[in-house]
file structure-v6.pdb (PDB, C-alpha atoms, pLDDT in the B column)
ATOM      1  CA  MET A   1       3.569   7.529   9.118  1.00 71.00           C
ATOM      2  CA  ARG A   2       4.917   7.268  12.614  1.00 77.00           C
ATOM      3  CA  SER A   3       7.028   4.155  12.185  1.00 81.00           C
ATOM      4  CA  PHE A   4      10.393   5.757  11.454  1.00 85.00           C
ATOM      5  CA  SER A   5       9.706   9.476  11.925  1.00 82.00           C
ATOM      6  CA  GLU A   6       8.822   9.030  15.600  1.00 80.00           C
ATOM      7  CA  GLU A   7      12.065   7.081  16.109  1.00 82.00           C
ATOM      8  CA  LYS A   8      13.991  10.095  14.825  1.00 80.00           C
ATOM      9  CA  LYS A   9      11.979  12.569  16.856  1.00 82.00           C
ATOM     10  CA  SER A  10      12.242  10.688  20.141  1.00 82.00           C
ATOM     11  CA  GLY A  11      15.928   9.877  19.691  1.00 81.00           C
ATOM     12  CA  THR A  12      15.484   6.103  19.681  1.00 83.00           C
ATOM     13  CA  GLU A  13      16.628   5.828  16.080  1.00 81.00           C
ATOM     14  CA  GLU A  14      20.252   5.583  17.179  1.00 81.00           C
ATOM     15  CA  LEU A  15      19.402   2.686  19.470  1.00 84.00           C
ATOM     16  CA  LEU A  16      17.478   0.955  16.692  1.00 82.00           C
ATOM     17  CA  LEU A  17      20.180   1.471  14.064  1.00 82.00           C
ATOM     18  CA  THR A  18      23.025   0.335  16.322  1.00 83.00           C
ATOM     19  CA  ALA A  19      21.243  -2.847  17.353  1.00 84.00           C
ATOM     20  CA  PRO A  20      22.649  -6.041  15.803  1.00 87.00           C
ATOM     21  CA  ILE A  21      19.591  -6.418  13.574  1.00 88.00           C
ATOM     22  CA  PRO A  22      19.745  -6.243   9.776  1.00 90.00           C
ATOM     23  CA  VAL A  23      18.027  -3.186   8.302  1.00 89.00           C
ATOM     24  CA  TRP A  24      15.725  -5.316   6.171  1.00 91.00           C
ATOM     25  CA  LYS A  25      14.352  -6.977   9.323  1.00 93.00           C
ATOM     26  CA  ILE A  26      13.616  -3.586  10.851  1.00 91.00           C
ATOM     27  CA  VAL A  27      11.792  -2.443   7.708  1.00 92.00           C
ATOM     28  CA  VAL A  28       9.855  -5.706   7.362  1.00 94.00           C
ATOM     29  CA  ALA A  29       8.862  -5.591  11.040  1.00 93.00           C
ATOM     30  CA  LYS A  30       7.542  -2.037  10.793  1.00 92.00           C
ATOM     31  CA  PHE A  31       5.757  -2.793   7.508  1.00 95.00           C
ATOM     32  CA  SER A  32       4.262  -5.970   8.982  1.00 95.00           C
ATOM     33  CA  ALA A  33       3.050  -4.221  12.105  1.00 94.00           C
ATOM     34  CA  SER A  34       1.237  -1.595  10.072  1.00 93.00           C
ATOM     35  CA  SER A  35      -0.151  -4.275   7.762  1.00 95.00           C
ATOM     36  CA  CYS A  36      -1.563  -6.231  10.697  1.00 96.00           C
ATOM     37  CA  VAL A  37      -3.710  -3.247  11.618  1.00 94.00           C
ATOM     38  CA  ILE A  38      -5.023  -3.141   8.042  1.00 93.00           C
ATOM     39  CA  PHE A  39      -5.738  -6.885   7.955  1.00 94.00           C
ATOM     40  CA  PHE A  40      -7.596  -6.749  11.259  1.00 94.00           C
ATOM     41  CA  THR A  41      -9.765  -3.874  10.049  1.00 93.00           C
ATOM     42  CA  ILE A  42     -10.580  -5.572   6.755  1.00 93.00           C
ATOM     43  CA  PHE A  43     -11.276  -8.846   8.576  1.00 92.00           C
ATOM     44  CA  LEU A  44     -13.941  -7.076  10.616  1.00 92.00           C
ATOM     45  CA  THR A  45     -15.710  -5.970   7.428  1.00 92.00           C
ATOM     46  CA  GLY A  46     -15.577  -9.587   6.251  1.00 87.00           C
ATOM     47  CA  ILE A  47     -17.661 -10.596   9.244  1.00 89.00           C
ATOM     48  CA  SER A  48     -20.369  -8.183   8.095  1.00 88.00           C
ATOM     49  CA  TRP A  49     -20.227  -9.577   4.567  1.00 86.00           C
ATOM     50  CA  MET A  50     -20.528 -13.120   5.885  1.00 86.00           C
ATOM     51  CA  SER A  51     -23.585 -12.126   7.927  1.00 88.00           C
ATOM     52  CA  VAL A  52     -25.297 -10.650   4.877  1.00 86.00           C
ATOM     53  CA  TYR A  53     -24.311 -13.698   2.831  1.00 84.00           C
ATOM     54  CA  LEU A  54     -25.792 -16.139   5.346  1.00 86.00           C
ATOM     55  CA  LEU A  55     -28.843 -14.129   6.409  1.00 86.00           C
ATOM     56  CA  GLY A  56     -29.849 -12.898   2.954  1.00 80.00           C
ATOM     57  CA  SER A  57     -32.969 -14.060   1.204  1.00 79.00           C
ATOM     58  CA  PRO A  58     -32.186 -16.581  -0.234  1.00 84.00           C
ATOM     59  CA  PRO A  59     -28.949 -17.372   1.643  1.00 79.00           C
ATOM     60  CA  GLY A  60     -25.887 -16.921  -0.533  1.00 75.00           C
ATOM     61  CA  ASN A  61     -27.531 -14.393  -2.842  1.00 79.00           C
ATOM     62  CA  LEU A  62     -24.348 -12.340  -3.185  1.00 81.00           C
ATOM     63  CA  ASP A  63     -21.790 -12.401  -5.964  1.00 83.00           C
ATOM     64  CA  ALA A  64     -18.847 -13.950  -4.152  1.00 81.00           C
ATOM     65  CA  GLY A  65     -16.465 -13.431  -7.096  1.00 84.00           C
ATOM     66  CA  VAL A  66     -16.940  -9.681  -7.181  1.00 88.00           C
ATOM     67  CA  THR A  67     -16.754  -9.498  -3.400  1.00 88.00           C
ATOM     68  CA  LEU A  68     -13.530 -11.500  -3.225  1.00 90.00           C
ATOM     69  CA  GLY A  69     -12.081  -9.449  -6.087  1.00 92.00           C
ATOM     70  CA  GLY A  70     -13.015  -6.282  -4.213  1.00 92.00           C
ATOM     71  CA  TYR A  71     -11.394  -7.569  -1.037  1.00 93.00           C
ATOM     72  CA  THR A  72      -8.295  -8.509  -3.009  1.00 93.00           C
ATOM     73  CA  ALA A  73      -8.148  -5.008  -4.497  1.00 95.00           C
ATOM     74  CA  LEU A  74      -8.728  -3.442  -1.098  1.00 95.00           C
ATOM     75  CA  ILE A  75      -6.030  -5.480   0.638  1.00 96.00           C
ATOM     76  CA  LEU A  76      -3.451  -4.919  -2.103  1.00 96.00           C
ATOM     77  CA  THR A  77      -4.179  -1.186  -2.276  1.00 97.00           C
ATOM     78  CA  ALA A  78      -3.989  -0.906   1.510  1.00 96.00           C
ATOM     79  CA  LEU A  79      -0.633  -2.720   1.545  1.00 97.00           C
ATOM     80  CA  LEU A  80       0.637  -0.381  -1.163  1.00 97.00           C
ATOM     81  CA  PHE A  81      -0.500   2.630   0.861  1.00 96.00           C
ATOM     82  CA  VAL A  82       1.234   1.185   3.932  1.00 96.00           C
ATOM     83  CA  SER A  83       4.446   0.851   1.924  1.00 96.00           C
ATOM     84  CA  PHE A  84       4.095   4.517   0.877  1.00 95.00           C
ATOM     85  CA  GLY A  85       3.624   5.489   4.519  1.00 94.00           C
ATOM     86  CA  VAL A  86       6.608   3.543   5.797  1.00 94.00           C
ATOM     87  CA  PHE A  87       8.746   5.007   3.013  1.00 95.00           C
ATOM     88  CA  THR A  88       7.716   8.609   3.673  1.00 94.00           C
ATOM     89  CA  SER A  89       8.194   8.046   7.388  1.00 92.00           C
ATOM     90  CA  SER A  90      11.786   7.016   6.733  1.00 91.00           C
ATOM     91  CA  LEU A  91      12.390  10.242   4.822  1.00 91.00           C
ATOM     92  CA  SER A  92      11.179  12.687   7.436  1.00 87.00           C
ATOM     93  CA  GLY A  93      11.735  13.270  11.115  1.00 84.00           C
ATOM     94  CA  ASN A  94       8.267  14.785  11.437  1.00 87.00           C
ATOM     95  CA  GLN A  95       5.257  12.478  11.254  1.00 88.00           C
ATOM     96  CA  ILE A  96       2.994  15.289   9.973  1.00 92.00           C
ATOM     97  CA  THR A  97       5.326  15.860   7.044  1.00 92.00           C
ATOM     98  CA  ALA A  98       5.493  12.121   6.450  1.00 91.00           C
ATOM     99  CA  PHE A  99       1.690  11.993   6.512  1.00 93.00           C
ATOM    100  CA  ILE A 100       1.283  14.831   4.006  1.00 94.00           C
ATOM    101  CA  VAL A 101       3.856  13.386   1.607  1.00 94.00           C
ATOM    102  CA  GLY A 102       2.369   9.898   2.038  1.00 93.00           C
ATOM    103  CA  VAL A 103      -1.146  11.136   1.295  1.00 95.00           C
ATOM    104  CA  PHE A 104       0.166  12.963  -1.756  1.00 95.00           C
ATOM    105  CA  LEU A 105       1.829   9.756  -2.979  1.00 94.00           C
ATOM    106  CA  CYS A 106      -1.357   7.764  -2.418  1.00 94.00           C
ATOM    107  CA  ILE A 107      -3.511  10.301  -4.253  1.00 94.00           C
ATOM    108  CA  PHE A 108      -1.053  10.674  -7.107  1.00 93.00           C
ATOM    109  CA  PHE A 109      -0.673   6.931  -7.620  1.00 93.00           C
ATOM    110  CA  TYR A 110      -4.426   6.416  -7.393  1.00 92.00           C
ATOM    111  CA  TRP A 111      -5.739   9.270  -9.550  1.00 91.00           C
ATOM    112  CA  GLY A 112      -2.703  11.201 -10.796  1.00 88.00           C
ATOM    113  CA  PHE A 113      -1.728   9.138 -13.796  1.00 88.00           C
ATOM    114  CA  GLU A 114      -5.173   9.499 -15.451  1.00 86.00           C
ATOM    115  CA  PRO A 115      -4.870  13.257 -16.172  1.00 85.00           C
ATOM    116  CA  VAL A 116      -1.198  12.912 -17.086  1.00 87.00           C
ATOM    117  CA  SER A 117      -2.011  10.185 -19.601  1.00 86.00           C
ATOM    118  CA  SER A 118      -4.682  12.347 -21.240  1.00 83.00           C
ATOM    119  CA  LEU A 119      -1.979  14.877 -22.132  1.00 86.00           C
ATOM    120  CA  MET A 120      -0.102  12.340 -24.253  1.00 84.00           C
ATOM    121  CA  PRO A 121      -0.684  12.439 -28.030  1.00 83.00           C
ATOM    122  CA  ASP A 122      -0.213   8.723 -28.661  1.00 82.00           C
ATOM    123  CA  SER A 123      -2.942   6.326 -27.497  1.00 84.00           C
ATOM    124  CA  GLU A 124      -0.394   3.589 -26.725  1.00 88.00           C
ATOM    125  CA  LEU A 125       1.604   6.001 -24.575  1.00 88.00           C
ATOM    126  CA  GLN A 126      -1.640   7.082 -22.881  1.00 88.00           C
ATOM    127  CA  SER A 127      -2.432   3.481 -22.029  1.00 88.00           C
ATOM    128  CA  THR A 128       1.077   2.835 -20.713  1.00 89.00           C
ATOM    129  CA  ILE A 129       1.059   5.878 -18.442  1.00 89.00           C
ATOM    130  CA  ARG A 130      -2.490   5.147 -17.241  1.00 89.00           C
ATOM    131  CA  ASN A 131      -1.416   1.607 -16.303  1.00 90.00           C
ATOM    132  CA  ILE A 132       1.364   2.939 -14.069  1.00 91.00           C
ATOM    133  CA  GLY A 133      -1.345   4.209 -11.732  1.00 92.00           C
ATOM    134  CA  ILE A 134      -3.452   2.150  -9.340  1.00 95.00           C
ATOM    135  CA  LEU A 135      -6.932   2.949 -10.668  1.00 93.00           C
ATOM    136  CA  PRO A 136      -7.106   0.663 -13.744  1.00 93.00           C
ATOM    137  CA  HIS A 137      -5.752  -2.293 -11.767  1.00 94.00           C
ATOM    138  CA  TYR A 138      -8.088  -1.581  -8.856  1.00 95.00           C
ATOM    139  CA  LYS A 139     -11.117  -1.378 -11.156  1.00 93.00           C
ATOM    140  CA  THR A 140     -10.263  -4.675 -12.815  1.00 94.00           C
ATOM    141  CA  LEU A 141      -9.911  -6.463  -9.484  1.00 93.00           C
ATOM    142  CA  CYS A 142     -13.149  -4.923  -8.173  1.00 92.00           C
ATOM    143  CA  GLN A 143     -15.008  -6.413 -11.137  1.00 91.00           C
ATOM    144  CA  GLY A 144     -14.060  -9.845  -9.859  1.00 88.00           C
ATOM    145  CA  ILE A 145     -11.352 -10.367 -12.479  1.00 90.00           C
ATOM    146  CA  VAL A 146      -8.240 -11.385 -10.556  1.00 88.00           C
ATOM    147  CA  ASP A 147      -5.661 -11.082 -13.312  1.00 89.00           C
ATOM    148  CA  SER A 148      -2.070 -11.994 -12.537  1.00 93.00           C
ATOM    149  CA  ARG A 149      -0.862  -8.785 -14.211  1.00 94.00           C
ATOM    150  CA  ASP A 150      -2.789  -6.695 -11.715  1.00 94.00           C
ATOM    151  CA  VAL A 151      -1.565  -8.721  -8.745  1.00 94.00           C
ATOM    152  CA  ILE A 152       2.042  -8.538  -9.999  1.00 96.00           C
ATOM    153  CA  TYR A 153       1.655  -4.774 -10.478  1.00 96.00           C
ATOM    154  CA  TYR A 154       0.684  -4.394  -6.825  1.00 96.00           C
ATOM    155  CA  LEU A 155       3.357  -6.779  -5.556  1.00 96.00           C
ATOM    156  CA  VAL A 156       6.108  -4.965  -7.454  1.00 97.00           C
ATOM    157  CA  TRP A 157       5.179  -1.628  -5.914  1.00 96.00           C
ATOM    158  CA  ILE A 158       4.556  -3.157  -2.478  1.00 96.00           C
ATOM    159  CA  VAL A 159       8.112  -4.545  -2.523  1.00 96.00           C
ATOM    160  CA  PHE A 160       9.693  -1.510  -4.238  1.00 97.00           C
ATOM    161  CA  PHE A 161       8.871   1.067  -1.565  1.00 96.00           C
ATOM    162  CA  PRO A 162      10.057  -1.001   1.426  1.00 95.00           C
ATOM    163  CA  VAL A 163      13.281  -1.651  -0.506  1.00 96.00           C
ATOM    164  CA  LEU A 164      13.662   2.128  -0.927  1.00 95.00           C
ATOM    165  CA  THR A 165      12.918   2.486   2.768  1.00 93.00           C
ATOM    166  CA  GLY A 166      15.619  -0.044   3.603  1.00 92.00           C
ATOM    167  CA  MET A 167      18.112   1.771   1.395  1.00 93.00           C
ATOM    168  CA  ASN A 168      17.275   5.057   3.099  1.00 90.00           C
ATOM    169  CA  VAL A 169      17.585   3.592   6.596  1.00 88.00           C
ATOM    170  CA  PHE A 170      20.791   1.746   5.654  1.00 88.00           C
ATOM    171  CA  ALA A 171      22.310   4.992   4.367  1.00 86.00           C
ATOM    172  CA  ARG A 172      21.619   6.627   7.744  1.00 78.00           C
ATOM    173  CA  ARG A 173      22.999   3.602   9.570  1.00 71.00           C
ATOM    174  CA  SER A 174      26.329   3.871   7.759  1.00 61.00           C
ATOM    175  CA  TRP A 175      27.249   7.314   9.095  1.00 53.00           C
TER     176      TRP A 175
END
call {"tool": "encode", "arguments": {"input": "structure-v6.pdb", "output": "structure tokens"}}
result
Amino acid sequence: MRSFSEEKKSGTEELLLTAPIPVWKIVVAKFSASSCVIFFTIFLTGISWMSVYLLGSPPGNLDAGVTLGGYTALILTALLFVSFGVFTSSLSGNQITAFIVGVFLCIFFYWGFEPVSSLMPDSELQSTIRNIGILPHYKTLCQGIVDSRDVIYYLVWIVFFPVLTGMNVFARRSW
């Protein structure tokens, strides 16, 4: 949440936006930096899983498919949440406001489409609205079913929000 909002607050945004660097490189760099923190954290949990896998009785008595599907879901969801955070940070000059809006976006995309879909009279429309949210895709991946539709869903949103961030930053750059 701090990536762009702190730049505005501290006054270094002008320096960043007047540098001879394309806006997309700035956005990708900030997104990548936040993503590295996520990858490092998830990597540390992988060490624990590997220990249980090797030291279990008998060794290897874990369902690797479900575990890898769960890690895939976790990584993709974390990257999506990072893209929400970078986007909300570009909208606000206050990192607390960016945090609150980012958390709202994460919660709404994760659980919000389920209740909205239940209000729809048509079952096909219910299914369509439910599939806009993260939860059905996350559940499928956590079952060990790595379907290309679910991965594409995540990748589209992961790219969409940094593009919106870039457009927002570019609009401020072009005073």
call {"tool": "resolve_selection", "arguments": {"input": "structure-v6.pdb", "expression": "the PyMOL selection byres ((chain A and resi 24) around 10)", "output": "number ranges by chain"}}
result
A: 21-23, 25-30, 162-163, 165-167, 169-170
call {"tool": "atom_distance", "arguments": {"input": "structure-v6.pdb", "atom1": "atom CA of Cys36 of chain A", "atom2": "atom CA of Leu76 of chain A"}}
result
13.0 Å
call {"tool": "atom_distance", "arguments": {"input": "structure-v6.pdb", "atom1": "atom CA of Val146 of chain A", "atom2": "atom CA of Gly69 of chain A"}}
result
6.2 Å
call {"tool": "closest_atom_pairs", "arguments": {"input": "structure-v6.pdb", "of": "segment 1-118 of chain A", "to": "segment 132-145 of chain A", "cutoff": "6 Å", "atoms": "all atoms listed in the file", "output": "Markdown table"}}
result
| residue | atom | partner | partner_atom | distance |
| --- | --- | --- | --- | --- |
| A:Gly65 | CA | A:Gly144 | CA | 5.1 |
| A:Val66 | CA | A:Gly144 | CA | 3.9 |
| A:Gly69 | CA | A:Gly144 | CA | 4.3 |
| A:Gly70 | CA | A:Cys142 | CA | 4.2 |
| A:Ala73 | CA | A:Leu141 | CA | 5.5 |
| A:Phe109 | CA | A:Gly133 | CA | 5.0 |
| A:Tyr110 | CA | A:Ile134 | CA | 4.8 |
| A:Phe113 | CA | A:Gly133 | CA | 5.4 |
call {"tool": "resolve_selection", "arguments": {"input": "structure-v6.pdb", "expression": "the PyMOL selection byres ((chain A and resi 101) around 12)", "output": "number ranges by chain"}}
result
A: 1, 81, 84-92, 94-100, 102-108
call {"tool": "axis_aligned_box", "arguments": {"input": "structure-v6.pdb", "around": "segment 78-87 of chain A", "padding_each_side": "8 Å", "output": "JSON"}}
result
{"center_x": 2.4, "center_y": 1.4, "center_z": 2.3, "size_x": 28.7, "size_y": 24.2, "size_z": 23.0}
call {"tool": "atom_distance", "arguments": {"input": "structure-v6.pdb", "atom1": "atom CA of Val37 of chain A", "atom2": "atom CA of Val151 of chain A"}}
result
21.2 Å
call {"tool": "decode", "arguments": {"input": "structure-v6.pdb", "residues": "segment 43-108 of chain A", "atoms": "C-alpha atoms", "output": "compact mmCIF listing (two decimals), in the first residue's frame"}}
result
# COMPACT_ATOMS: atom_id res chain seq x y z
CA PHE A 43 9.18 -20.11 -0.18
CA LEU A 44 9.76 -20.35 3.56
CA THR A 45 6.52 -22.32 3.98
CA GLY A 46 7.72 -24.63 1.20
CA ILE A 47 10.72 -25.56 3.31
CA SER A 48 8.35 -26.73 6.05
CA TRP A 49 6.33 -28.76 3.55
CA MET A 50 9.49 -30.38 2.21
CA SER A 51 10.53 -31.32 5.75
CA VAL A 52 7.19 -33.00 6.42
CA TYR A 53 7.35 -34.70 3.03
CA LEU A 54 10.81 -36.14 3.67
CA LEU A 55 10.46 -36.92 7.37
CA GLY A 56 6.94 -38.36 7.25
CA SER A 57 6.20 -42.00 7.85
CA PRO A 58 6.54 -43.33 5.18
CA PRO A 59 8.54 -40.61 3.38
CA GLY A 60 6.53 -38.93 0.65
CA ASN A 61 3.17 -39.70 2.23
CA LEU A 62 1.69 -36.35 1.19
CA ASP A 63 -0.50 -35.56 -1.78
CA ALA A 64 1.90 -33.49 -3.86
CA GLY A 65 -0.77 -32.58 -6.45
CA VAL A 66 -3.06 -30.95 -3.92
CA THR A 67 -0.12 -29.23 -2.25
CA LEU A 68 1.22 -27.84 -5.52
CA GLY A 69 -2.29 -26.77 -6.53
CA GLY A 70 -2.66 -25.03 -3.17
CA TYR A 71 0.67 -23.27 -3.61
CA THR A 72 -0.35 -22.23 -7.11
CA ALA A 73 -3.62 -20.82 -5.77
CA LEU A 74 -1.81 -19.08 -2.94
CA ILE A 75 0.81 -17.49 -5.18
CA LEU A 76 -1.72 -16.33 -7.78
CA THR A 77 -4.07 -14.93 -5.14
CA ALA A 78 -1.18 -13.16 -3.41
CA LEU A 79 -0.06 -11.62 -6.72
CA LEU A 80 -3.62 -10.47 -7.36
CA PHE A 81 -3.78 -8.90 -3.90
CA VAL A 82 -0.44 -7.19 -4.56
CA SER A 83 -1.84 -5.75 -7.79
CA PHE A 84 -4.86 -4.45 -5.82
CA GLY A 85 -2.50 -2.85 -3.30
CA VAL A 86 -0.30 -1.18 -5.89
CA PHE A 87 -3.40 0.12 -7.67
CA THR A 88 -5.01 1.55 -4.53
CA SER A 89 -1.68 3.05 -3.54
CA SER A 90 -1.58 4.93 -6.84
CA LEU A 91 -5.02 6.37 -6.15
CA SER A 92 -4.37 7.80 -2.72
CA GLY A 93 -1.74 9.97 -1.10
CA ASN A 94 -2.40 8.32 2.26
CA GLN A 95 -1.20 4.76 2.79
CA ILE A 96 -3.91 4.09 5.42
CA THR A 97 -6.59 4.99 2.90
CA ALA A 98 -4.86 2.87 0.29
CA PHE A 99 -4.75 -0.02 2.77
CA ILE A 100 -8.45 0.23 3.63
CA VAL A 101 -9.52 0.44 -0.02
CA GLY A 102 -7.12 -2.38 -0.93
CA VAL A 103 -8.46 -4.63 1.82
CA PHE A 104 -12.00 -3.86 0.69
CA LEU A 105 -11.08 -4.82 -2.89
CA CYS A 106 -9.46 -8.06 -1.71
CA ILE A 107 -12.46 -9.01 0.43
CA PHE A 108 -14.96 -8.09 -2.25
